[in-house]
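Peer 1: start.tsv is reproduced in full below (TSV, C-alpha atoms).
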```tsv
chain	number	residue	atom	x	y	z
X	1	MET	CA	125.48	104.44	112.01
X	2	ALA	CA	122.13	106.25	111.86
X	3	ALA	CA	120.20	103.22	110.59
X	4	THR	CA	121.63	101.04	113.37
X	5	ARG	CA	120.57	103.58	115.99
X	6	VAL	CA	117.04	103.81	114.57
X	7	ALA	CA	116.74	100.02	114.42
X	8	LEU	CA	117.88	99.60	118.01
X	9	GLU	CA	115.44	102.27	119.18
X	10	ALA	CA	112.63	100.52	117.31
X	11	TYR	CA	113.60	97.24	118.94
X	12	GLN	CA	113.57	98.77	122.41
X	13	HIS	CA	110.22	100.55	121.99
X	14	TRP	CA	108.30	97.82	120.19
X	15	PHE	CA	109.40	94.73	122.04
X	16	ALA	CA	109.99	95.90	125.59
X	17	ASP	CA	106.27	95.49	126.33
X	18	GLY	CA	105.47	92.80	123.75
X	19	ARG	CA	103.37	95.05	121.51
X	20	SER	CA	103.11	94.84	117.73
X	21	THR	CA	102.18	97.72	115.45
X	22	PRO	CA	100.09	96.84	112.36
X	23	SER	CA	100.70	98.25	108.91
X	24	GLU	CA	98.85	101.40	108.00
X	25	PRO	CA	95.99	100.99	105.51
X	26	GLN	CA	96.73	101.49	101.83
X	27	SER	CA	95.47	104.56	100.01
X	28	LYS	CA	92.03	104.29	98.44
X	29	THR	CA	93.56	105.52	95.18
X	30	PRO	CA	95.91	102.80	93.88
X	31	LEU	CA	99.29	103.72	92.51
X	32	SER	CA	99.18	103.91	88.74
X	33	TRP	CA	101.77	102.53	86.35
X	34	THR	CA	103.37	104.88	83.86
X	35	THR	CA	103.56	102.49	80.92
X	36	PRO	CA	100.59	100.44	79.62
X	37	ASN	CA	100.81	96.78	80.58
X	38	VAL	CA	98.81	93.61	81.06
X	39	ILE	CA	99.05	90.83	83.62
X	40	ALA	CA	100.70	87.96	81.78
X	41	LEU	CA	100.60	85.59	84.73
X	42	GLN	CA	99.22	85.63	88.27
X	43	LEU	CA	101.24	83.59	90.75
X	44	ALA	CA	101.03	83.31	94.51
X	45	SER	CA	104.03	85.60	94.97
X	46	MET	CA	103.70	87.98	92.03
X	47	ARG	CA	101.90	89.37	89.07
X	48	LEU	CA	104.05	89.06	85.97
X	49	LEU	CA	103.44	92.32	84.12
X	50	ASP	CA	103.91	92.44	80.36
X	51	PHE	CA	104.91	95.83	78.89
X	52	SER	CA	105.70	94.39	75.47
X	53	HIS	CA	104.98	96.05	72.14
X	54	GLY	CA	104.90	92.74	70.31
X	55	ALA	CA	105.72	89.05	70.47
X	56	ALA	CA	109.03	89.25	68.60
X	57	GLY	CA	112.46	90.07	69.95
X	58	GLN	CA	114.67	89.11	72.88
X	59	PRO	CA	112.64	89.04	76.13
X	60	LEU	CA	113.82	91.13	79.08
X	61	LEU	CA	112.66	90.56	82.65
X	62	ILE	CA	113.10	93.20	85.36
X	63	CYS	CA	113.30	91.57	88.79
X	64	ALA	CA	112.10	94.28	91.16
X	65	PRO	CA	113.25	94.26	94.79
X	66	PHE	CA	110.99	92.52	97.27
X	67	SER	CA	111.89	94.34	100.45
X	68	LEU	CA	110.07	97.60	101.13
X	69	HIS	CA	108.23	99.22	98.23
X	70	GLN	CA	106.13	98.18	95.29
X	71	ALA	CA	107.64	97.28	91.91
X	72	LEU	CA	106.54	100.68	90.61
X	73	ILE	CA	110.16	101.63	91.25
X	74	ALA	CA	110.77	100.23	87.74
X	75	ASP	CA	108.07	102.37	86.09
X	76	PHE	CA	107.64	105.28	88.47
X	77	ALA	CA	106.66	108.29	86.36
X	78	PRO	CA	107.26	109.80	82.90
X	79	GLY	CA	110.93	110.65	82.67
X	80	HIS	CA	111.58	108.54	85.78
X	81	SER	CA	110.72	105.10	84.42
X	82	LEU	CA	113.22	102.36	83.64
X	83	VAL	CA	110.62	100.58	81.53
X	84	GLU	CA	110.08	103.78	79.54
X	85	ALA	CA	113.83	104.25	79.06
X	86	LEU	CA	114.24	100.67	77.84
X	87	GLN	CA	111.36	101.03	75.41
X	88	GLN	CA	112.74	104.30	74.08
X	89	GLY	CA	116.02	102.47	73.49
X	90	GLY	CA	114.27	99.94	71.29
X	91	MET	CA	113.50	97.09	73.70
X	92	ASP	CA	110.14	95.63	72.64
X	93	ARG	CA	109.57	92.71	75.04
X	94	ILE	CA	109.74	93.85	78.66
X	95	TYR	CA	108.33	92.14	81.75
X	96	VAL	CA	108.37	93.12	85.44
X	97	THR	CA	107.92	91.05	88.60
X	98	ASP	CA	105.21	92.85	90.59
X	99	TRP	CA	105.63	91.17	93.97
X	100	CYS	CA	102.51	90.78	96.10
X	101	SER	CA	102.27	91.97	99.68
X	102	ALA	CA	102.27	88.91	101.93
X	103	THR	CA	99.08	87.55	103.45
X	104	SER	CA	98.79	85.11	106.35
X	105	GLU	CA	98.61	82.24	103.85
X	106	MET	CA	102.06	83.27	102.58
X	107	ARG	CA	103.79	83.41	105.97
X	108	TYR	CA	105.95	80.33	105.25
X	109	PHE	CA	107.06	81.48	101.80
X	110	SER	CA	110.85	81.25	101.58
X	111	ILE	CA	113.53	82.48	99.18
X	112	ASP	CA	113.02	79.17	97.39
X	113	SER	CA	109.34	80.05	96.94
X	114	TYR	CA	110.26	83.24	95.11
X	115	LEU	CA	112.96	81.54	93.05
X	116	ALA	CA	110.48	78.87	92.00
X	117	ASP	CA	107.91	81.45	90.91
X	118	LEU	CA	110.62	83.44	89.13
X	119	ASN	CA	111.46	80.27	87.26
X	120	VAL	CA	107.81	79.80	86.29
X	121	ALA	CA	107.75	83.38	85.03
X	122	VAL	CA	110.88	82.84	82.91
X	123	ASP	CA	109.39	79.67	81.42
X	124	GLU	CA	106.20	81.57	80.64
X	125	ILE	CA	108.17	84.32	78.89
X	126	GLY	CA	110.46	81.89	77.11
X	127	ALA	CA	114.10	81.27	78.06
X	128	PRO	CA	116.74	82.46	77.71
X	129	VAL	CA	115.84	85.91	79.03
X	130	ASP	CA	117.87	89.02	79.66
X	131	LEU	CA	117.52	89.57	83.40
X	132	ILE	CA	117.79	92.93	85.19
X	133	GLY	CA	117.93	92.76	88.99
X	134	LEU	CA	117.27	95.96	90.95
X	135	CYS	CA	118.69	96.19	94.49
X	136	GLN	CA	117.51	93.07	96.36
X	137	GLY	CA	116.04	91.84	93.11
X	138	GLY	CA	119.71	91.73	92.11
X	139	TRP	CA	120.84	89.02	94.50
X	140	LEU	CA	117.69	87.03	93.65
X	141	SER	CA	118.50	87.38	89.93
X	142	LEU	CA	122.10	86.34	90.50
X	143	ILE	CA	121.08	83.26	92.46
X	144	TYR	CA	118.63	82.42	89.68
X	145	ALA	CA	121.31	82.80	86.99
X	146	ALA	CA	123.61	80.48	88.95
X	147	ARG	CA	120.83	77.94	89.58
X	148	PHE	CA	119.52	77.99	85.99
X	149	PRO	CA	122.54	79.11	83.91
X	150	HIS	CA	120.98	78.20	80.56
X	151	LYS	CA	117.87	80.30	81.15
X	152	VAL	CA	119.65	83.68	81.32
X	153	ARG	CA	121.30	85.23	78.27
X	154	ARG	CA	122.65	88.41	79.88
X	155	LEU	CA	122.48	89.73	83.43
X	156	VAL	CA	122.32	93.31	84.74
X	157	LEU	CA	122.75	93.92	88.48
X	158	ALA	CA	121.92	97.48	89.55
X	159	GLY	CA	122.69	98.53	93.13
X	160	ALA	CA	122.64	94.87	94.14
X	161	PRO	CA	123.96	93.71	97.55
X	162	VAL	CA	125.78	90.39	97.25
X	163	ASP	CA	129.09	90.35	99.14
X	164	VAL	CA	128.32	92.00	102.47
X	165	SER	CA	131.86	91.45	103.69
X	166	VAL	CA	132.28	94.83	102.00
X	167	PRO	CA	130.57	96.88	104.72
X	168	SER	CA	127.48	99.03	104.30
X	169	GLU	CA	125.12	100.83	106.64
X	170	LEU	CA	122.62	98.04	106.01
X	171	SER	CA	124.95	95.15	106.85
X	172	ARG	CA	126.25	97.01	109.94
X	173	MET	CA	122.67	97.57	111.06
X	174	VAL	CA	121.81	93.87	110.78
X	175	ALA	CA	124.98	92.92	112.65
X	176	GLY	CA	124.26	95.53	115.34
X	177	VAL	CA	120.70	94.45	116.13
X	178	PRO	CA	120.10	91.30	118.23
X	179	LYS	CA	118.97	88.34	116.15
X	180	GLN	CA	116.02	87.87	118.48
X	181	ALA	CA	114.70	91.28	117.40
X	182	PHE	CA	114.03	89.95	113.93
X	183	ASP	CA	112.62	86.70	115.31
X	184	GLU	CA	110.29	88.71	117.53
X	185	LEU	CA	109.08	90.77	114.56
X	186	VAL	CA	107.96	87.57	112.89
X	187	HIS	CA	106.46	86.13	116.07
X	188	GLN	CA	104.43	89.21	116.94
X	189	GLY	CA	103.23	89.52	113.35
X	190	LYS	CA	102.04	85.89	113.41
X	191	GLY	CA	104.41	84.99	110.62
X	192	ILE	CA	104.14	88.26	108.69
X	193	VAL	CA	106.46	91.26	108.94
X	194	SER	CA	104.61	94.49	108.29
X	195	GLY	CA	106.02	97.02	105.87
X	196	LYS	CA	105.99	99.63	108.64
X	197	HIS	CA	108.30	97.52	110.78
X	198	THR	CA	110.51	96.69	107.82
X	199	LEU	CA	110.93	100.37	106.97
X	200	CYS	CA	112.08	101.25	110.47
X	201	PHE	CA	114.61	98.43	110.51
X	202	TRP	CA	115.93	98.77	106.97
X	203	SER	CA	115.66	102.42	106.02
X	204	LEU	CA	115.55	106.03	107.20
X	205	PRO	CA	112.77	108.57	106.53
X	206	LEU	CA	113.29	110.45	103.28
X	207	THR	CA	113.55	114.23	103.31
X	208	LEU	CA	112.50	116.55	100.48
X	209	HIS	CA	116.16	116.80	99.53
X	210	ASP	CA	116.37	113.00	99.36
X	211	ILE	CA	113.35	112.84	97.06
X	212	GLU	CA	114.73	115.47	94.72
X	213	ALA	CA	118.09	113.67	94.69
X	214	ALA	CA	116.37	110.37	93.86
X	215	LEU	CA	114.36	111.87	91.01
X	216	GLN	CA	117.23	114.15	89.95
X	217	ARG	CA	114.91	117.11	89.51
X	218	PRO	CA	113.25	119.72	91.77
X	219	VAL	CA	109.76	118.97	93.04
X	220	SER	CA	109.42	121.98	95.35
X	221	ASP	CA	109.52	124.55	92.55
X	222	GLY	CA	105.80	125.31	92.84
X	223	SER	CA	104.95	123.79	89.46
X	224	GLU	CA	101.93	121.51	89.09
X	225	GLN	CA	104.19	118.81	87.69
X	226	GLY	CA	106.48	119.07	90.70
X	227	LYS	CA	103.57	118.90	93.15
X	228	ALA	CA	102.08	115.87	91.39
X	229	LEU	CA	105.44	114.09	91.28
X	230	LEU	CA	106.05	114.75	94.97
X	231	ALA	CA	102.58	113.48	95.92
X	232	HIS	CA	103.12	110.38	93.78
X	233	PHE	CA	106.48	109.69	95.43
X	234	GLU	CA	105.12	110.18	98.95
X	235	GLN	CA	102.27	107.76	98.29
X	236	TRP	CA	104.68	105.18	96.86
X	237	ASP	CA	106.95	105.63	99.89
X	238	ARG	CA	104.01	105.14	102.30
X	239	GLU	CA	102.57	102.02	100.71
X	240	MET	CA	104.96	99.32	101.77
X	241	LEU	CA	104.85	95.59	101.21
X	242	ASP	CA	104.34	93.09	104.02
X	243	LEU	CA	106.83	90.21	103.93
X	244	PRO	CA	106.54	86.51	104.80
X	245	GLY	CA	108.34	85.86	108.05
X	246	THR	CA	110.27	82.88	106.71
X	247	TYR	CA	111.55	84.85	103.73
X	248	TYR	CA	112.40	87.85	105.93
X	249	LEU	CA	114.48	85.82	108.36
X	250	GLU	CA	116.30	83.98	105.57
X	251	VAL	CA	117.22	87.25	103.88
X	252	THR	CA	118.28	88.87	107.15
X	253	ASN	CA	120.32	85.95	108.44
X	254	TRP	CA	121.58	84.09	105.39
X	255	ILE	CA	122.38	87.05	103.17
X	256	PHE	CA	123.02	90.09	105.39
X	257	ARG	CA	124.35	88.37	108.50
X	258	GLU	CA	126.06	85.20	107.25
X	259	ASN	CA	127.01	86.28	103.69
X	260	ARG	CA	126.16	82.85	102.31
X	261	ILE	CA	125.87	83.89	98.64
X	262	ALA	CA	129.36	85.36	98.43
X	263	GLU	CA	130.90	82.56	100.49
X	264	GLY	CA	129.39	79.79	98.35
X	265	ARG	CA	127.19	78.42	101.13
X	266	PHE	CA	123.75	79.27	99.74
X	267	ILE	CA	121.41	76.41	98.85
X	268	ALA	CA	118.76	77.31	96.26
X	269	LEU	CA	116.08	74.81	95.27
X	270	GLY	CA	118.23	71.93	96.44
X	271	ARG	CA	121.48	73.00	94.79
X	272	ASN	CA	124.50	74.78	96.22
X	273	ILE	CA	125.00	78.12	94.47
X	274	ASP	CA	128.44	78.54	92.95
X	275	LEU	CA	128.75	82.01	91.44
X	276	ALA	CA	131.61	80.74	89.31
X	277	ARG	CA	128.91	78.99	87.27
X	278	VAL	CA	127.66	82.41	86.15
X	279	THR	CA	129.59	82.86	82.90
X	280	VAL	CA	127.07	84.90	80.91
X	281	PRO	CA	127.80	88.56	80.07
X	282	VAL	CA	127.17	90.69	83.19
X	283	PHE	CA	126.74	94.45	83.61
X	284	LEU	CA	127.21	95.88	87.13
X	285	LEU	CA	125.75	99.32	87.85
X	286	ALA	CA	126.51	101.14	91.10
X	287	ALA	CA	125.77	104.49	92.72
X	288	GLU	CA	128.67	106.56	94.03
X	289	LYS	CA	126.64	108.06	96.92
X	290	ASP	CA	124.76	104.93	97.92
X	291	ASP	CA	124.36	104.33	101.66
X	292	ILE	CA	122.33	101.16	101.12
X	293	VAL	CA	124.64	99.35	98.68
X	294	PRO	CA	127.93	101.28	98.49
X	295	LEU	CA	129.75	101.38	95.17
X	296	GLU	CA	132.52	99.11	96.46
X	297	GLN	CA	129.97	96.50	97.55
X	298	ALA	CA	127.97	96.63	94.32
X	299	LEU	CA	131.10	96.20	92.20
X	300	ALA	CA	132.68	93.55	94.47
X	301	THR	CA	130.36	91.00	92.85
X	302	ALA	CA	132.65	90.99	89.78
X	303	ARG	CA	135.37	88.98	91.52
X	304	LEU	CA	132.90	86.24	92.50
X	305	LEU	CA	131.67	85.48	88.99
X	306	GLY	CA	132.87	83.06	86.37
X	307	THR	CA	132.14	85.63	83.65
X	308	PRO	CA	135.34	86.30	81.65
X	309	PRO	CA	136.67	89.85	82.14
X	310	GLN	CA	136.04	90.71	78.50
X	311	ARG	CA	132.33	89.93	78.97
X	312	LEU	CA	131.95	92.03	82.12
X	313	GLU	CA	130.92	95.69	82.14
X	314	GLN	CA	130.83	98.09	85.09
X	315	ALA	CA	129.48	101.62	85.40
X	316	SER	CA	128.66	104.05	88.18
X	317	GLU	CA	126.36	107.03	88.55
X	318	PRO	CA	126.99	110.09	90.77
X	319	CYS	CA	123.80	109.55	92.76
X	320	GLY	CA	122.28	107.73	95.70
X	321	HIS	CA	120.50	104.37	95.75
X	322	LEU	CA	117.06	105.34	94.41
X	323	GLY	CA	118.62	107.59	91.79
X	324	LEU	CA	119.88	104.49	89.97
X	325	PHE	CA	116.33	103.38	89.23
X	326	MET	CA	114.25	106.54	88.91
X	327	GLY	CA	116.70	109.42	88.44
X	328	ARG	CA	116.14	111.08	85.07
X	329	GLU	CA	119.87	111.64	84.51
X	330	SER	CA	120.81	108.05	85.37
X	331	LEU	CA	118.10	106.72	83.07
X	332	SER	CA	119.31	108.83	80.17
X	333	ARG	CA	122.98	107.99	80.74
X	334	SER	CA	124.01	104.60	82.18
X	335	TRP	CA	120.75	102.87	81.30
X	336	ARG	CA	121.06	104.05	77.71
X	337	ARG	CA	124.48	102.42	77.69
X	338	ILE	CA	122.99	99.24	79.17
X	339	VAL	CA	120.36	99.14	76.41
X	340	LEU	CA	123.11	99.28	73.79
X	341	TRP	CA	124.99	96.54	75.63
X	342	LEU	CA	121.89	94.34	75.70
X	343	GLN	CA	121.34	94.89	72.01
X	344	ALA	CA	124.95	94.24	71.01
X	345	GLY	CA	125.94	90.98	69.40
X	346	ASP	CA	128.06	88.44	71.22
X	347	ASP	CA	131.18	89.53	69.34
X	348	ASP	CA	130.61	93.14	70.37
X	349	VAL	CA	130.27	92.12	74.02
X	350	ALA	CA	133.41	89.99	73.83
X	351	GLU	CA	135.41	92.93	72.46
X	352	SER	CA	134.35	95.30	75.27
X	353	ARG	CA	136.44	95.85	78.39
X	354	PRO	CA	135.19	96.35	81.98
X	355	ARG	CA	135.36	99.91	83.18
X	356	ILE	CA	133.75	102.29	85.63
X	357	SER	CA	132.24	105.44	84.18
X	358	ALA	CA	130.06	108.21	85.51
```
Would it be possible to restate this file's structure as structure tokens?
Peer 2:
Amino acid sequence: MAATRVALEAYQHWFADGRSTPSEPQSKTPLSWTTPNVIALQLASMRLLDFSHGAAGQPLLICAPFSLHQALIADFAPGHSLVEALQQGGMDRIYVTDWCSATSEMRYFSIDSYLADLNVAVDEIGAPVDLIGLCQGGWLSLIYAARFPHKVRRLVLAGAPVDVSVPSELSRMVAGVPKQAFDELVHQGKGIVSGKHTLCFWSLPLTLHDIEAALQRPVSDGSEQGKALLAHFEQWDREMLDLPGTYYLEVTNWIFRENRIAEGRFIALGRNIDLARVTVPVFLLAAEKDDIVPLEQALATARLLGTPPQRLEQASEPCGHLGLFMGRESLSRSWRRIVLWLQAGDDDVAESRPRISA
């Protein structure tokens, strides 16, 4: 219940006297990507980054989470980069959604706004794509696959919250904080929710132990590499994204409070989302020590899908939430298996059986 306590304390301190705290300024030195890339498309909500080695091959789009931190979570550092791991596995056409921090002009952007731009990105890449959704990029990817079933060939959901009837610290926190607290965040930010506020409501400060667990390697060993990696992580953790108020309230209320996706009550771009329409091969990846999206919640998505059991894969890693995306052991183990699954022919996928493996 630690996150709930922190959120309630933040609510009491910030809103008792009507004050709003602005985001801290970004570092003068921008965060650098690990893998060379170009901007394939600039949209209002995102930069579509192209990490491809060539124009041939099945395209793969990584949908990064749009909640707290920058999309660098998908390409954090050498040995801690999902993009790097996918390339080493032989994936040649890789794209990443690099979501933009919200400005005042974006304050009315909704989930539909991000789905629409995701659809533009997929059309630019060329459908059907293989779609990898990380954390909250997972529920967005799943909604997209249900809304545009013919534009997704295969779907990977990693640490993705969908059915919040399976409890988590995050869903309990949302339920435990008055709805008006979130409304007040948006009001005081004039339609924008600062990353600093979002962090206090949705996460806890990371300790050195947490960072080493996420990266799955020591960074306090006195080595120059460890010092550089720690500094890089701390900068990434500080530089948070501001969110449009409309989007923030929809995510908070519709997904984490009302569970509309799992209950079949979510409307996306004018259509009701029925997860039974998702029949493409799906791979679910979960973390066994995840406080944000517990293993049971991440894997509960399987029962909501229309994907036949023989086309569904499940795996788990003995790590926490961030370790799924940037842990060097996770990247060399489960993600290597995912690469092989993405590269397999349809017959190979049909012959596989769902299972959970460490």
Peer 1: What is the distance, in Å and to one decimal place, between atom CA of X:Asp50 and atom CA of X:Ala127?
Peer 2: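 Result for atom CA of X:Asp50 versus atom CA of X:Ala127: 15.3 Å, one decimal.
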Peer 1: Report, in Å to a single decimal, how far apart atom CA of X:Leu249 and atom CA of X:Gly320 are.
Peer 2: 26.5 Å
Peer 1: Using only C-alpha atoms, which residues sit within 10 Å of X:Phe109 once same-chain residues fewer than 4 positions away are excluded, as a ChimeraX atom specification?
Peer 2: /X:44-45,102,105,113-114,191,243-248
Peer 1: Please identify all polymer residues within 7 Å of X:Ile62, counting all atoms listed in the file, omitting same-chain residues fewer than 5 positions from it, and present them as an mmCIF file with C-alpha atoms, in the frame of the given file.
Peer 2:
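Output (part-v3.cif):
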```
data_model
loop_
_atom_site.group_PDB
_atom_site.id
_atom_site.type_symbol
_atom_site.label_atom_id
_atom_site.label_comp_id
_atom_site.auth_asym_id
_atom_site.auth_seq_id
_atom_site.Cartn_x
_atom_site.Cartn_y
_atom_site.Cartn_z
ATOM 1 C CA TYR X 95 108.330 92.140 81.750
ATOM 2 C CA VAL X 96 108.370 93.120 85.440
ATOM 3 C CA THR X 97 107.920 91.050 88.600
ATOM 4 C CA LEU X 131 117.520 89.570 83.400
ATOM 5 C CA ILE X 132 117.790 92.930 85.190
ATOM 6 C CA GLY X 133 117.930 92.760 88.990
#
```
Peer 1: Hey, can you check how far atom CA of X:Gln58 sits from atom CA of X:Leu304?
Peer 2: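 Interatomic distance, atom CA of X:Gln58 to atom CA of X:Leu304: 26.9 Å.
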Peer 1: Excluding stretch 158-172 of chain X and any residue of its chain fewer than 6 positions from it, enumerate the residues within 9 Å of it, using only C-alpha atoms, and give them as a PDB file with C-alpha atoms, in the frame of the given file.
Peer 2:
```pdb
ATOM      1  CA  MET X   1     125.480 104.440 112.010  1.00  0.00           C
ATOM      2  CA  ALA X   2     122.130 106.250 111.860  1.00  0.00           C
ATOM      3  CA  ALA X   3     120.200 103.220 110.590  1.00  0.00           C
ATOM      4  CA  THR X   4     121.630 101.040 113.370  1.00  0.00           C
ATOM      5  CA  ILE X 132     117.790  92.930  85.190  1.00  0.00           C
ATOM      6  CA  GLY X 133     117.930  92.760  88.990  1.00  0.00           C
ATOM      7  CA  LEU X 134     117.270  95.960  90.950  1.00  0.00           C
ATOM      8  CA  CYS X 135     118.690  96.190  94.490  1.00  0.00           C
ATOM      9  CA  GLN X 136     117.510  93.070  96.360  1.00  0.00           C
ATOM     10  CA  GLY X 137     116.040  91.840  93.110  1.00  0.00           C
ATOM     11  CA  GLY X 138     119.710  91.730  92.110  1.00  0.00           C
ATOM     12  CA  TRP X 139     120.840  89.020  94.500  1.00  0.00           C
ATOM     13  CA  LEU X 142     122.100  86.340  90.500  1.00  0.00           C
ATOM     14  CA  TRP X 202     115.930  98.770 106.970  1.00  0.00           C
ATOM     15  CA  SER X 203     115.660 102.420 106.020  1.00  0.00           C
ATOM     16  CA  ILE X 255     122.380  87.050 103.170  1.00  0.00           C
ATOM     17  CA  PHE X 256     123.020  90.090 105.390  1.00  0.00           C
ATOM     18  CA  ARG X 257     124.350  88.370 108.500  1.00  0.00           C
ATOM     19  CA  GLU X 258     126.060  85.200 107.250  1.00  0.00           C
ATOM     20  CA  ASN X 259     127.010  86.280 103.690  1.00  0.00           C
ATOM     21  CA  ARG X 260     126.160  82.850 102.310  1.00  0.00           C
ATOM     22  CA  ILE X 261     125.870  83.890  98.640  1.00  0.00           C
ATOM     23  CA  ALA X 262     129.360  85.360  98.430  1.00  0.00           C
ATOM     24  CA  GLU X 263     130.900  82.560 100.490  1.00  0.00           C
ATOM     25  CA  PHE X 283     126.740  94.450  83.610  1.00  0.00           C
ATOM     26  CA  LEU X 284     127.210  95.880  87.130  1.00  0.00           C
ATOM     27  CA  LEU X 285     125.750  99.320  87.850  1.00  0.00           C
ATOM     28  CA  ALA X 286     126.510 101.140  91.100  1.00  0.00           C
ATOM     29  CA  ALA X 287     125.770 104.490  92.720  1.00  0.00           C
ATOM     30  CA  ASP X 290     124.760 104.930  97.920  1.00  0.00           C
ATOM     31  CA  ASP X 291     124.360 104.330 101.660  1.00  0.00           C
ATOM     32  CA  ILE X 292     122.330 101.160 101.120  1.00  0.00           C
ATOM     33  CA  VAL X 293     124.640  99.350  98.680  1.00  0.00           C
ATOM     34  CA  PRO X 294     127.930 101.280  98.490  1.00  0.00           C
ATOM     35  CA  LEU X 295     129.750 101.380  95.170  1.00  0.00           C
ATOM     36  CA  GLU X 296     132.520  99.110  96.460  1.00  0.00           C
ATOM     37  CA  GLN X 297     129.970  96.500  97.550  1.00  0.00           C
ATOM     38  CA  ALA X 298     127.970  96.630  94.320  1.00  0.00           C
ATOM     39  CA  LEU X 299     131.100  96.200  92.200  1.00  0.00           C
ATOM     40  CA  ALA X 300     132.680  93.550  94.470  1.00  0.00           C
ATOM     41  CA  THR X 301     130.360  91.000  92.850  1.00  0.00           C
ATOM     42  CA  LEU X 304     132.900  86.240  92.500  1.00  0.00           C
ATOM     43  CA  HIS X 321     120.500 104.370  95.750  1.00  0.00           C
ATOM     44  CA  LEU X 322     117.060 105.340  94.410  1.00  0.00           C
ATOM     45  CA  LEU X 324     119.880 104.490  89.970  1.00  0.00           C
ATOM     46  CA  PHE X 325     116.330 103.380  89.230  1.00  0.00           C
TER      47      PHE X 325
END
```
Peer 1: Counting all atoms listed in the file, figure out which residue out of X:Gln70, X:Thr207, X:Ser110, X:Gln216 gets nearest to X:Ser330.
Peer 2: X:Gln216
Peer 1: Nearest to X:Ile273: which of X:Pro149, X:Pro128, X:Gly189, X:Pro205 is it, counting all atoms listed in the file?
Peer 2: X:Pro149
Peer 1: For X:Phe76, find every residue with an atom within 8 Å (counting all atoms listed in the file), except residues of its own chain fewer than 5 positions away, and show them as number ranges by chain.
Peer 2: X: 33-34, 81-82, 326
Peer 1: Where's the centre, and what are the edge lengths in Å to one decimal, of a box along x, y and z enclosing all listed atoms of stretch 114-123 of chain X padded 8 Å per side, as lines of an AutoDock Vina configuration file?
Peer 2:
```
center_x = 110.4
center_y = 81.2
center_z = 88.3
size_x = 21.2
size_y = 20.6
size_z = 29.7
```
Peer 1: Applying 8 Å and all atoms listed in the file, which residues near X:His69 remain after dropping the ones on its own chain fewer than 6 positions away? List them as a list in words.
Peer 2: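 Skipping anything fewer than 6 positions along the chain leaves Trp236, Asp237, Glu239, Met240 and Leu241 of chain X.
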Peer 1: Select all residues near (115.6, 84.1, 82.3) (cut-off 10 Å, inclusive, file coordinates), counting all atoms listed in the file, and output them as a PyMOL selection string.
Peer 2: chain X and resi 59-62+118-132+141+144-145+148-155
Peer 1: So, counting only C-alpha atoms, which residue among X:Ala175, X:Ala85, X:Asp92, X:Cys63 is closest to X:Leu115?
Peer 2: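 Checking each candidate against X:Leu115, we get X:Cys63 as the closest.
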Peer 1: Complete the atoms of stretch 252-260 of chain X to N, CA, C and O atoms and put them out as a PDB file, keeping the file's coordinate frame.
Peer 2:
```pdb
ATOM      1  N   THR X 252     117.534  88.190 106.092  1.00  0.00           N
ATOM      2  CA  THR X 252     118.280  88.870 107.150  1.00  0.00           C
ATOM      3  C   THR X 252     119.481  88.057 107.606  1.00  0.00           C
ATOM      4  O   THR X 252     120.597  88.580 107.711  1.00  0.00           O
ATOM      5  N   ASN X 253     119.254  86.774 107.863  1.00  0.00           N
ATOM      6  CA  ASN X 253     120.320  85.950 108.440  1.00  0.00           C
ATOM      7  C   ASN X 253     121.266  85.380 107.392  1.00  0.00           C
ATOM      8  O   ASN X 253     122.481  85.498 107.526  1.00  0.00           O
ATOM      9  N   TRP X 254     120.729  84.773 106.358  1.00  0.00           N
ATOM     10  CA  TRP X 254     121.580  84.090 105.390  1.00  0.00           C
ATOM     11  C   TRP X 254     122.362  85.047 104.508  1.00  0.00           C
ATOM     12  O   TRP X 254     123.514  84.787 104.183  1.00  0.00           O
ATOM     13  N   ILE X 255     121.734  86.152 104.123  1.00  0.00           N
ATOM     14  CA  ILE X 255     122.380  87.050 103.170  1.00  0.00           C
ATOM     15  C   ILE X 255     123.110  88.186 103.877  1.00  0.00           C
ATOM     16  O   ILE X 255     124.298  88.425 103.618  1.00  0.00           O
ATOM     17  N   PHE X 256     122.422  88.897 104.786  1.00  0.00           N
ATOM     18  CA  PHE X 256     123.020  90.090 105.390  1.00  0.00           C
ATOM     19  C   PHE X 256     123.788  89.820 106.683  1.00  0.00           C
ATOM     20  O   PHE X 256     124.574  90.658 107.109  1.00  0.00           O
ATOM     21  N   ARG X 257     123.584  88.668 107.288  1.00  0.00           N
ATOM     22  CA  ARG X 257     124.350  88.370 108.500  1.00  0.00           C
ATOM     23  C   ARG X 257     125.444  87.334 108.225  1.00  0.00           C
ATOM     24  O   ARG X 257     126.582  87.477 108.678  1.00  0.00           O
ATOM     25  N   GLU X 258     125.119  86.301 107.448  1.00  0.00           N
ATOM     26  CA  GLU X 258     126.060  85.200 107.250  1.00  0.00           C
ATOM     27  C   GLU X 258     126.769  85.230 105.894  1.00  0.00           C
ATOM     28  O   GLU X 258     127.694  84.441 105.674  1.00  0.00           O
ATOM     29  N   ASN X 259     126.334  86.094 104.984  1.00  0.00           N
ATOM     30  CA  ASN X 259     127.010  86.280 103.690  1.00  0.00           C
ATOM     31  C   ASN X 259     127.135  84.969 102.899  1.00  0.00           C
ATOM     32  O   ASN X 259     128.159  84.697 102.261  1.00  0.00           O
ATOM     33  N   ARG X 260     126.080  84.183 102.912  1.00  0.00           N
ATOM     34  CA  ARG X 260     126.160  82.850 102.310  1.00  0.00           C
ATOM     35  C   ARG X 260     126.342  82.875 100.798  1.00  0.00           C
ATOM     36  O   ARG X 260     126.997  81.991 100.238  1.00  0.00           O
TER      37      ARG X 260
END
```
